[in-house]
Every structure is written in C-alpha cells, then in structure tokens.
Amino acid sequence: MTKTTTNLLGIFITILAGTYFYITCCSECGATVKKEPVNETVIPAKPTATSYPFAFSDGDYAYNDNDNYNFNASTSSILMPLSGKVEEGIASLKSFLGENASKVINITGYYKSDETNDSAFPNLGLARANSVKNHLVANGIHSTQINTFGSLKDEMVAKDNIFLGPIAYGLDNKAENADDELQALYEKIKANPLVLHFNTAQTSINLNADQRQKVADISRYLDKVDGASANVIGHTDNTGNRNTNIILGQERADFGKAYLVRNGISETKINSSSKGPDNPVASNATEEGRAENRRTVITLN
C-alpha cells in the first residue's frame with residue numbers, strides 16, 4: 001500500500017468516525033439550539049352560569065325545585081312567566097304559612113357589585129327581594145309573614161345577561177320583639193322623614209344612600225302594620241298665586257307617590273296632598289331658601 005493510499009484511507013476513516021460520533025453523540029445537540037417560541041391562542045373557558053333553587057323547609061315540611069324567579073342583570077323586575085313548579089311552590093308556601101301564623105318566610109335577594117341599581121332601595125338585592133315579596137302578596141301570602149333582605153354575591157354568573165334564581169329563602173319564627181321593633185321604626189321615620197327636592201318635569205329621582213334606606217324603612221313598616229299608610233305632601237315657595245302653588249304642590253306629591261309605586265309600594269297605602277306655600281322651612285327672601293321650600297315630604301300617618 002502506497003503512502004498516498006494510506007493517507008486517503010486515513011482521511012476516509014476519520015470522516016466515517018466523525019460521522020458516527022456526530023450521529024451517536026450529538027443527536028440531542030438540537031436541544032441546545034434556541035427555537036423560536038410558538039404563540040398559541042388560549043381561549044378561556046366560559047364560566048358556568050350559577051343557578052339557585054326555589055327551596056325552603058321547616059321540620060317535616062319542605063319544597064325544592066331548580067326553577068326560581070329570574071332577573072335581567074341590573075334590574076329588579078321579575079322575568080315572566082314563572083315555571084309551573086314555582087307556581088306550585090307558591091301555592092304550597094301559601095298553605096303552609098296560612099296554617100302556621102307564627103312562621104315567616106325570609107327572602108334574600110342577591111346582587112353583584114358591578115350591577116347598576118336604579119331602584120329606590122339601598123341595593124339591588126333588596127329590591128329583587130321586594131319584587132318577589134310583592135308577587136307572593138299578590139298570590140295571597142300576607143306581607144306580615146314576609147321579611148326581605150339583600151346580600152352581595154359577586155360569584156354569581158349570568159346566562160345571556162339573565163341571573164337564574166338570585167333569591168334565597170328560609171322559614172323562621174316571627175321575632176318575639178317584633179312589635180317593639182316596629183314602634184321604634186315608626187318613631188325613627190316620623191322624626192326624620194324622607195324629603196325630596198325635584199322639579200315636576202323630572203322623570204327620575206336620584207337618591208343618596210340615606211334616602212334609599214328611608215324608602216326601605218317606610219316600605220317595611222307599611223308591609224308589617226295592617227292599616228298603616230304613608231303621606232306624600234308637596235310644598236312650594238311663595239312665588240306667584242297661592243292657588244296655583246297648591247296645584248303645583250299636588251303635582252309634586254303625585255309624582256313622589258308614583259315613584260314609590262314604581263318601586264313596589266302599594267298605591268293603596270300612599271296618600272298624596274299639597275300644602276302649597278303654607279309650610280316653609282326656610283326664608284322665601286332668597287333663592288336658596290325658596291329651593292329648600294320646593295320639596296316633597298314622605299312620612300307615615
């Protein structure tokens with residue numbers, strides 16, 4: 001074998017050895033090569049809508065169905081029609097409470113913090129509970145056997161903008177000191193009535209938190225006391241003719257009454273009247289005083 005042949009053979013063997021070691025030893029070398037990240041679109045899972053049942057129990061008595069009162073988001077108006085099972089449950093509850101005068105049904109309405117509360121009540125949950133209460137009263141259950149509450153429940157999930165059954169129920173005994181509580185509530189309302197300042201052309205009233213609580217207190221008292229009623233009295237400043245102001249005061253009172261009725265207080269429990277310019281609370285000599293005198297006062301008889 002010539003020297004040239006030997007050299008060529010050595011080169012060939014070197015190439016073969018290099019190829020072998022590359023294949024066997026560096027096949028994983030690609031792991032060290034930086035790869036461009038692959039952007040994958042992650043579609044978040046759609047949360048499951050929450051649903052609360054029409055359910056209540058007391059001892060051996062119980063009713064439970066998955067259907068319930070439903071509401072659109074940011075409203076306190078019940079979506080109709082109700083299911084047949086809910087109607088059956090209402091009839092069952094009416095019979096139970098009729099046979100057990102010492103029992104009450106506690107209704108708690110749920111709401112979320114991102115909902116808009118356009119009602120006159122402190123929160124949308126209480127407004128929803130009040131709507132359910134009114135429906136039960138219309139179906140023959142006495143309002144003295146119904147308590148209403150509101151509860152924040154941010155974990156609720158709507159289905160197509162509808163909350164399924166954001167209402168909970170509980171049967172309980174009437175409070176032993178209920179009469180004392182109602183007397184204290186009466187004195188509270190009389191000492192610090194609800195006062196509204198607005199023009200008759202307005203179609204809505206924006207209440208602050210204190211005013212909303214007063215509406216809730218008045219509504220509760222009217223529900224609990226047979227024969228109780230509220231007075232809505234319109235007042236004006238002394239600008240212009242007195243007879244004209246009496247009419248203007250009545251229009252303001254009627255507007256205030258209509259507002260309460262829209263928010264679920266029975267029309268038959270609200271009286272509206274006018275004092276015109278006869279009971280000023282401030283001087284009519286200034287614009288500020290006249291503005292204070294143009295008011296509607298809502299209190300109890």
# chains A, B, ... in the order shown; residues from 1 in each chain; ligands from 1
>>> residues_around(residues="Asn208 of chain A", least_positions_apart="4", cutoff="12 Å", atoms="only C-alpha atoms", output="PyMOL selection string")
chain A and resi 117-123+194-196+212-215
>>> residues_around(residues="Tyr61 of chain A", least_positions_apart="2", cutoff="10 Å", atoms="only C-alpha atoms", output="list of chain:residue names")
A:Phe56, A:Ser57, A:Asp58, A:Gly59, A:Tyr63, A:Ser92, A:Leu93, A:Phe96
>>> residues_around(residues="Leu260 of chain A", least_positions_apart="3", cutoff="10 Å", atoms="only C-alpha atoms", output="short mmCIF file (atom, residue, chain, number, x, y, z; two decimals) with N, CA, C and O atoms, in the first residue's frame")
data_model
loop_
_atom_site.label_atom_id
_atom_site.label_comp_id
_atom_site.auth_asym_id
_atom_site.auth_seq_id
_atom_site.Cartn_x
_atom_site.Cartn_y
_atom_site.Cartn_z
N SER A 119 -83.08 51.20 41.40
CA SER A 119 -84.25 51.15 42.27
C SER A 119 -84.13 52.21 43.36
O SER A 119 -83.11 52.89 43.48
N ALA A 120 -85.16 52.32 44.20
CA ALA A 120 -85.13 53.26 45.32
C ALA A 120 -84.60 52.60 46.59
O ALA A 120 -84.53 53.25 47.63
N VAL A 215 -86.53 54.87 52.25
CA VAL A 215 -87.54 54.19 51.43
C VAL A 215 -87.73 52.75 51.91
O VAL A 215 -88.86 52.26 52.05
N SER A 219 -91.18 51.20 53.44
CA SER A 219 -91.75 50.01 52.81
C SER A 219 -91.94 48.89 53.84
O SER A 219 -92.99 48.24 53.87
N VAL A 232 -97.56 61.58 51.38
CA VAL A 232 -96.65 62.28 50.48
C VAL A 232 -97.20 63.69 50.32
O VAL A 232 -98.28 63.87 49.74
N ASP A 254 -97.99 63.94 43.81
CA ASP A 254 -98.41 62.82 42.95
C ASP A 254 -97.21 62.19 42.25
O ASP A 254 -97.17 60.97 42.06
N PHE A 255 -96.24 63.02 41.88
CA PHE A 255 -95.03 62.49 41.25
C PHE A 255 -94.26 61.63 42.25
O PHE A 255 -93.77 60.55 41.91
N GLY A 256 -94.14 62.11 43.49
CA GLY A 256 -93.46 61.32 44.52
C GLY A 256 -94.19 60.02 44.81
O GLY A 256 -93.56 58.97 44.99
N LYS A 257 -95.51 60.06 44.83
CA LYS A 257 -96.30 58.84 45.05
C LYS A 257 -96.07 57.85 43.92
O LYS A 257 -95.87 56.65 44.17
N ASN A 263 -91.64 51.59 42.61
CA ASN A 263 -90.65 50.83 43.37
C ASN A 263 -91.29 49.83 44.33
O ASN A 263 -90.65 49.39 45.28
N GLY A 264 -92.53 49.47 44.05
CA GLY A 264 -93.13 48.33 44.73
C GLY A 264 -93.91 48.60 45.99
O GLY A 264 -94.27 47.66 46.69
N ILE A 265 -94.17 49.87 46.32
CA ILE A 265 -95.00 50.17 47.48
C ILE A 265 -96.44 50.32 47.00
O ILE A 265 -96.72 51.01 46.03
N SER A 266 -97.35 49.66 47.69
CA SER A 266 -98.74 49.60 47.25
C SER A 266 -99.37 50.99 47.17
O SER A 266 -99.27 51.80 48.10
N GLU A 267 -100.01 51.25 46.04
CA GLU A 267 -100.67 52.54 45.84
C GLU A 267 -101.74 52.81 46.88
O GLU A 267 -101.97 53.96 47.29
N ILE A 270 -100.61 54.76 50.09
CA ILE A 270 -99.96 56.06 49.95
C ILE A 270 -101.00 57.15 49.70
O ILE A 270 -101.81 57.05 48.77
N ILE A 298 -92.14 62.76 52.64
CA ILE A 298 -92.79 61.45 52.72
C ILE A 298 -92.58 60.90 54.12
O ILE A 298 -91.45 60.73 54.58
#
>>> closest_residue(among="A:Lys103, A:Ala91, A:Asp65, A:Thr296", to="Ala138 of chain A", atoms="only C-alpha atoms")
A:Ala91
>>> closest_residue(among="A:Asn245, A:Ser51, A:Asn39, A:Asn293", to="Ile162 of chain A", atoms="only C-alpha atoms")
A:Ser51
>>> select_by_dssp(residues="segment 13-171 of chain A", states="strand (DSSP E)", output="PyMOL selection string")
chain A and resi 54-58+61-65+70-72+103-111+146-152+162-164+167-171
>>> write_last_selection(atoms="N, CA and C atoms", output="compact mmCIF listing (two decimals), in the first residue's frame")
# COMPACT_ATOMS: atom_id res chain seq x y z
N PHE A 54 -85.63 27.27 44.04
CA PHE A 54 -86.79 27.73 44.82
C PHE A 54 -86.99 26.69 45.91
N ALA A 55 -86.38 26.93 47.07
CA ALA A 55 -86.32 25.89 48.09
C ALA A 55 -86.46 26.48 49.49
N PHE A 56 -87.23 25.80 50.34
CA PHE A 56 -87.39 26.20 51.73
C PHE A 56 -87.88 24.98 52.51
N SER A 57 -87.61 24.97 53.80
CA SER A 57 -88.01 23.83 54.62
C SER A 57 -88.17 24.24 56.06
N ASP A 58 -88.99 23.49 56.78
CA ASP A 58 -89.19 23.69 58.21
C ASP A 58 -89.70 22.38 58.80
N TYR A 61 -91.79 19.80 56.75
CA TYR A 61 -92.27 20.47 55.54
C TYR A 61 -91.08 20.93 54.70
N ALA A 62 -91.13 20.69 53.39
CA ALA A 62 -90.05 21.13 52.51
C ALA A 62 -90.57 21.24 51.08
N TYR A 63 -89.99 22.18 50.35
CA TYR A 63 -90.24 22.30 48.92
C TYR A 63 -88.93 22.66 48.26
N ASN A 64 -88.63 22.02 47.13
CA ASN A 64 -87.36 22.26 46.46
C ASN A 64 -87.51 22.01 44.96
N ASP A 65 -87.24 23.03 44.19
CA ASP A 65 -87.23 22.88 42.74
C ASP A 65 -86.14 23.76 42.15
N ASN A 70 -86.34 34.69 38.09
CA ASN A 70 -85.17 35.12 37.32
C ASN A 70 -85.23 36.62 37.05
N PHE A 71 -84.03 37.23 36.88
CA PHE A 71 -83.94 38.67 36.67
C PHE A 71 -82.87 38.99 35.63
N ASN A 72 -83.12 39.99 34.80
CA ASN A 72 -82.06 40.52 33.96
C ASN A 72 -81.04 41.22 34.85
N LYS A 103 -95.12 31.65 61.74
CA LYS A 103 -93.96 31.48 60.86
C LYS A 103 -93.84 32.65 59.87
N VAL A 104 -92.61 32.86 59.43
CA VAL A 104 -92.35 33.87 58.39
C VAL A 104 -91.42 33.25 57.35
N ILE A 105 -91.48 33.81 56.15
CA ILE A 105 -90.54 33.42 55.10
C ILE A 105 -89.54 34.56 54.91
N ASN A 106 -88.27 34.27 55.07
CA ASN A 106 -87.22 35.26 54.84
C ASN A 106 -86.74 35.16 53.40
N ILE A 107 -86.80 36.25 52.68
CA ILE A 107 -86.41 36.29 51.27
C ILE A 107 -85.16 37.15 51.14
N THR A 108 -84.10 36.56 50.62
CA THR A 108 -82.84 37.29 50.43
C THR A 108 -82.54 37.39 48.94
N GLY A 109 -82.46 38.62 48.45
CA GLY A 109 -82.11 38.84 47.06
C GLY A 109 -80.62 39.04 46.90
N TYR A 110 -80.04 38.41 45.89
CA TYR A 110 -78.61 38.54 45.62
C TYR A 110 -78.36 39.62 44.56
N TYR A 111 -77.19 40.23 44.65
CA TYR A 111 -76.78 41.20 43.63
C TYR A 111 -75.26 41.20 43.53
N ILE A 146 -93.65 38.01 55.71
CA ILE A 146 -92.53 38.04 54.76
C ILE A 146 -91.49 39.06 55.22
N ASN A 147 -90.26 38.63 55.32
CA ASN A 147 -89.13 39.53 55.59
C ASN A 147 -88.24 39.58 54.35
N THR A 148 -87.68 40.74 54.05
CA THR A 148 -86.83 40.87 52.87
C THR A 148 -85.44 41.37 53.24
N PHE A 149 -84.45 40.86 52.52
CA PHE A 149 -83.05 41.22 52.76
C PHE A 149 -82.33 41.28 51.42
N GLY A 150 -81.15 41.92 51.42
CA GLY A 150 -80.27 41.94 50.25
C GLY A 150 -78.90 41.45 50.63
N SER A 151 -78.25 40.72 49.73
CA SER A 151 -76.92 40.17 50.03
C SER A 151 -76.03 40.24 48.78
N LEU A 152 -74.83 40.77 48.96
CA LEU A 152 -73.86 40.84 47.86
C LEU A 152 -73.34 39.44 47.55
N ILE A 162 -78.93 37.07 32.06
CA ILE A 162 -80.02 36.75 32.98
C ILE A 162 -79.45 36.00 34.18
N PHE A 163 -79.79 36.47 35.38
CA PHE A 163 -79.41 35.75 36.59
C PHE A 163 -80.53 34.76 36.93
N LEU A 164 -80.14 33.50 37.06
CA LEU A 164 -81.10 32.43 37.31
C LEU A 164 -81.29 32.25 38.82
N ILE A 167 -82.27 34.48 44.33
CA ILE A 167 -83.13 34.63 45.51
C ILE A 167 -82.99 33.40 46.39
N ALA A 168 -82.80 33.62 47.69
CA ALA A 168 -82.75 32.51 48.65
C ALA A 168 -83.88 32.67 49.66
N TYR A 169 -84.28 31.54 50.26
CA TYR A 169 -85.44 31.53 51.15
C TYR A 169 -85.11 30.80 52.44
N GLY A 170 -85.80 31.19 53.51
CA GLY A 170 -85.65 30.49 54.77
C GLY A 170 -86.89 30.69 55.63
N LEU A 171 -87.43 29.61 56.15
CA LEU A 171 -88.58 29.69 57.04
C LEU A 171 -88.09 29.87 58.47
>>> closest_residue(among="A:Leu207, A:Lys159, A:Gly125, A:Val137", to="Pro47 of chain A", atoms="only C-alpha atoms")
A:Lys159
>>> residues_around(residues="segment 274-280 of chain A", least_positions_apart="3", cutoff="10 Å", atoms="only C-alpha atoms", output="number ranges by chain")
A: 232-254, 283-284, 289-290, 292-296
>>> write_last_selection(atoms="N, CA, C and O atoms", output="compact mmCIF listing (two decimals), in the first residue's frame")
# COMPACT_ATOMS: atom_id res chain seq x y z
N VAL A 232 -97.56 61.58 51.38
CA VAL A 232 -96.65 62.28 50.48
C VAL A 232 -97.20 63.69 50.32
O VAL A 232 -98.28 63.87 49.74
N ILE A 233 -96.48 64.69 50.85
CA ILE A 233 -97.00 66.06 50.89
C ILE A 233 -96.11 66.97 50.05
O ILE A 233 -94.90 67.04 50.25
N GLY A 234 -96.72 67.64 49.09
CA GLY A 234 -95.99 68.55 48.23
C GLY A 234 -95.99 69.97 48.77
O GLY A 234 -97.01 70.46 49.26
N HIS A 235 -94.83 70.63 48.70
CA HIS A 235 -94.68 72.01 49.18
C HIS A 235 -94.07 72.87 48.07
O HIS A 235 -93.34 72.37 47.21
N THR A 236 -94.34 74.18 48.12
CA THR A 236 -93.78 75.11 47.14
C THR A 236 -93.22 76.33 47.87
O THR A 236 -93.40 76.49 49.08
N ASP A 237 -92.55 77.20 47.10
CA ASP A 237 -92.19 78.51 47.67
C ASP A 237 -93.41 79.43 47.51
O ASP A 237 -94.49 78.97 47.12
N ASN A 238 -93.27 80.69 47.83
CA ASN A 238 -94.43 81.60 47.78
C ASN A 238 -94.47 82.45 46.52
O ASN A 238 -95.19 83.45 46.46
N THR A 239 -93.68 82.05 45.51
CA THR A 239 -93.68 82.81 44.27
C THR A 239 -94.99 82.57 43.51
O THR A 239 -95.38 81.42 43.29
N GLY A 240 -95.67 83.65 43.11
CA GLY A 240 -96.88 83.51 42.31
C GLY A 240 -98.13 83.36 43.14
O GLY A 240 -98.17 83.60 44.36
N ASN A 241 -99.19 82.91 42.47
CA ASN A 241 -100.52 82.79 43.07
C ASN A 241 -100.60 81.58 43.99
O ASN A 241 -100.10 80.50 43.68
N ARG A 242 -101.24 81.75 45.15
CA ARG A 242 -101.33 80.66 46.12
C ARG A 242 -102.08 79.46 45.55
O ARG A 242 -101.65 78.31 45.72
N ASN A 243 -103.20 79.67 44.90
CA ASN A 243 -103.96 78.55 44.35
C ASN A 243 -103.15 77.77 43.32
O ASN A 243 -103.21 76.54 43.25
N THR A 244 -102.38 78.51 42.52
CA THR A 244 -101.50 77.85 41.54
C THR A 244 -100.45 77.01 42.25
O THR A 244 -100.13 75.89 41.82
N ASN A 245 -99.93 77.52 43.36
CA ASN A 245 -98.93 76.78 44.12
C ASN A 245 -99.53 75.55 44.79
O ASN A 245 -98.85 74.53 44.95
N ILE A 246 -100.76 75.63 45.21
CA ILE A 246 -101.42 74.45 45.78
C ILE A 246 -101.49 73.34 44.73
O ILE A 246 -101.22 72.16 45.01
N ILE A 247 -101.84 73.71 43.50
CA ILE A 247 -101.90 72.74 42.40
C ILE A 247 -100.51 72.19 42.11
O ILE A 247 -100.32 70.98 41.92
N LEU A 248 -99.50 73.08 42.10
CA LEU A 248 -98.13 72.65 41.84
C LEU A 248 -97.64 71.70 42.93
O LEU A 248 -96.98 70.69 42.65
N GLY A 249 -97.97 71.99 44.18
CA GLY A 249 -97.60 71.11 45.29
C GLY A 249 -98.23 69.73 45.15
O GLY A 249 -97.60 68.71 45.45
N GLN A 250 -99.49 69.70 44.67
CA GLN A 250 -100.16 68.41 44.48
C GLN A 250 -99.49 67.61 43.36
O GLN A 250 -99.35 66.38 43.46
N GLU A 251 -99.07 68.31 42.31
CA GLU A 251 -98.37 67.61 41.22
C GLU A 251 -97.08 66.99 41.72
O GLU A 251 -96.72 65.86 41.34
N ARG A 252 -96.37 67.72 42.58
CA ARG A 252 -95.13 67.18 43.13
C ARG A 252 -95.42 65.97 44.02
O ARG A 252 -94.70 64.98 44.02
N ALA A 253 -96.47 66.06 44.81
CA ALA A 253 -96.83 64.95 45.68
C ALA A 253 -97.23 63.73 44.86
O ALA A 253 -96.84 62.59 45.17
N ASP A 254 -97.99 63.94 43.81
CA ASP A 254 -98.41 62.82 42.95
C ASP A 254 -97.21 62.19 42.25
O ASP A 254 -97.17 60.97 42.06
N SER A 283 -86.45 80.82 54.53
CA SER A 283 -86.94 82.13 54.09
C SER A 283 -87.16 82.14 52.58
O SER A 283 -86.31 81.68 51.81
N ASN A 284 -88.29 82.69 52.17
CA ASN A 284 -88.57 82.85 50.74
C ASN A 284 -87.91 84.09 50.17
O ASN A 284 -88.08 84.41 48.99
N GLY A 289 -83.35 79.74 49.96
CA GLY A 289 -84.48 79.41 50.83
C GLY A 289 -85.67 78.91 50.03
O GLY A 289 -86.34 77.94 50.43
N ARG A 290 -85.93 79.54 48.90
CA ARG A 290 -87.05 79.09 48.06
C ARG A 290 -86.82 77.68 47.55
O ARG A 290 -87.76 76.87 47.46
N GLU A 292 -85.21 75.34 49.10
CA GLU A 292 -85.48 74.43 50.22
C GLU A 292 -86.99 74.22 50.41
O GLU A 292 -87.44 73.14 50.79
N ASN A 293 -87.75 75.23 50.14
CA ASN A 293 -89.21 75.14 50.33
C ASN A 293 -89.88 74.33 49.23
O ASN A 293 -90.97 73.78 49.45
N ARG A 294 -89.27 74.25 48.05
CA ARG A 294 -89.83 73.44 46.96
C ARG A 294 -89.44 71.98 47.21
O ARG A 294 -88.41 71.50 46.76
N ARG A 295 -90.28 71.26 47.91
CA ARG A 295 -89.92 69.93 48.39
C ARG A 295 -91.14 69.03 48.46
O ARG A 295 -92.29 69.51 48.44
N THR A 296 -90.87 67.73 48.57
CA THR A 296 -91.93 66.74 48.84
C THR A 296 -91.48 65.93 50.05
O THR A 296 -90.36 65.41 50.08
>>> residues_around(residues="Lys190 of chain A", least_positions_apart="2", cutoff="12 Å", atoms="only C-alpha atoms", output="list in words")
Gln183, Ala184, Leu185, Tyr186, Glu187, Lys188, Asn192, Pro193, Leu194, Val195, Lys214, Asp217, Ile218, Tyr221, Ala230, Asn231, Val297, Ile298, Thr299, Leu300 and Asn301 of chain A
>>> atom_distance(atom1="atom CA of Glu155 of chain A", atom2="atom CA of Met80 of chain A")
24.4 Å
>>> residues_around(residues="Ala101 of chain A", least_positions_apart="6", cutoff="12 Å", atoms="only C-alpha atoms", output="PyMOL selection string")
chain A and resi 94-95+141-146+171-174
>>> closest_residue(among="A:Lys153, A:Gly140, A:Ser76, A:Val86", to="Leu124 of chain A", atoms="only C-alpha atoms")
A:Ser76
>>> closest_residue(among="A:Val281, A:Lys133, A:Ala45, A:Gly89", to="Ser77 of chain A", atoms="only C-alpha atoms")
A:Lys133
>>> select_by_dssp(residues="segment 105-217 of chain A", states="helix (DSSP H, G or I)", output="PyMOL selection string")
chain A and resi 124-138+143-145+178-191+209-217
>>> write_last_selection(atoms="C-alpha atoms", output="PDB file, in the first residue's frame")
ATOM      1  CA  LEU A 124     -80.444  45.688  44.044  1.00  0.00           C
ATOM      2  CA  GLY A 125     -80.668  42.510  46.117  1.00  0.00           C
ATOM      3  CA  LEU A 126     -83.191  44.078  48.486  1.00  0.00           C
ATOM      4  CA  ALA A 127     -85.093  45.484  45.511  1.00  0.00           C
ATOM      5  CA  ARG A 128     -85.297  41.981  43.990  1.00  0.00           C
ATOM      6  CA  ALA A 129     -86.449  40.515  47.282  1.00  0.00           C
ATOM      7  CA  ASN A 130     -89.109  43.225  47.463  1.00  0.00           C
ATOM      8  CA  SER A 131     -90.344  42.325  43.969  1.00  0.00           C
ATOM      9  CA  VAL A 132     -90.672  38.672  44.997  1.00  0.00           C
ATOM     10  CA  LYS A 133     -92.448  39.748  48.178  1.00  0.00           C
ATOM     11  CA  ASN A 134     -94.964  41.758  46.158  1.00  0.00           C
ATOM     12  CA  HIS A 135     -95.586  38.780  43.886  1.00  0.00           C
ATOM     13  CA  LEU A 136     -96.188  36.498  46.866  1.00  0.00           C
ATOM     14  CA  VAL A 137     -98.565  39.065  48.394  1.00  0.00           C
ATOM     15  CA  ALA A 138    -100.449  39.211  45.080  1.00  0.00           C
ATOM     16  CA  SER A 143     -96.905  40.724  53.922  1.00  0.00           C
ATOM     17  CA  THR A 144     -96.633  40.461  57.721  1.00  0.00           C
ATOM     18  CA  GLN A 145     -95.247  36.945  57.178  1.00  0.00           C
ATOM     19  CA  ALA A 178     -91.440  42.428  66.529  1.00  0.00           C
ATOM     20  CA  ASP A 179     -93.940  44.959  67.887  1.00  0.00           C
ATOM     21  CA  ASP A 180     -91.250  46.881  69.765  1.00  0.00           C
ATOM     22  CA  GLU A 181     -89.075  46.970  66.642  1.00  0.00           C
ATOM     23  CA  LEU A 182     -91.940  48.328  64.549  1.00  0.00           C
ATOM     24  CA  GLN A 183     -92.701  51.027  67.115  1.00  0.00           C
ATOM     25  CA  ALA A 184     -89.050  52.081  67.082  1.00  0.00           C
ATOM     26  CA  LEU A 185     -89.117  52.132  63.279  1.00  0.00           C
ATOM     27  CA  TYR A 186     -92.259  54.305  63.291  1.00  0.00           C
ATOM     28  CA  GLU A 187     -90.654  56.825  65.626  1.00  0.00           C
ATOM     29  CA  LYS A 188     -87.479  56.880  63.517  1.00  0.00           C
ATOM     30  CA  ILE A 189     -89.397  57.627  60.307  1.00  0.00           C
ATOM     31  CA  LYS A 190     -91.597  60.299  61.922  1.00  0.00           C
ATOM     32  CA  ALA A 191     -88.595  62.047  63.477  1.00  0.00           C
ATOM     33  CA  ALA A 209     -77.753  56.138  50.443  1.00  0.00           C
ATOM     34  CA  ASP A 210     -79.590  57.737  53.371  1.00  0.00           C
ATOM     35  CA  GLN A 211     -82.705  58.388  51.284  1.00  0.00           C
ATOM     36  CA  ARG A 212     -82.686  54.832  49.936  1.00  0.00           C
ATOM     37  CA  GLN A 213     -82.609  53.462  53.462  1.00  0.00           C
ATOM     38  CA  LYS A 214     -85.585  55.651  54.361  1.00  0.00           C
ATOM     39  CA  VAL A 215     -87.543  54.192  51.428  1.00  0.00           C
ATOM     40  CA  ALA A 216     -86.690  50.680  52.676  1.00  0.00           C
ATOM     41  CA  ASP A 217     -87.796  51.581  56.213  1.00  0.00           C
TER      42      ASP A 217
END
>>> atom_distance(atom1="atom CA of Asp114 of chain A", atom2="atom CA of Ser74 of chain A")
8.6 Å
>>> closest_residue(among="A:Glu115, A:Thr286, A:Val225, A:Glu99", to="Asn161 of chain A", atoms="only C-alpha atoms")
A:Glu115
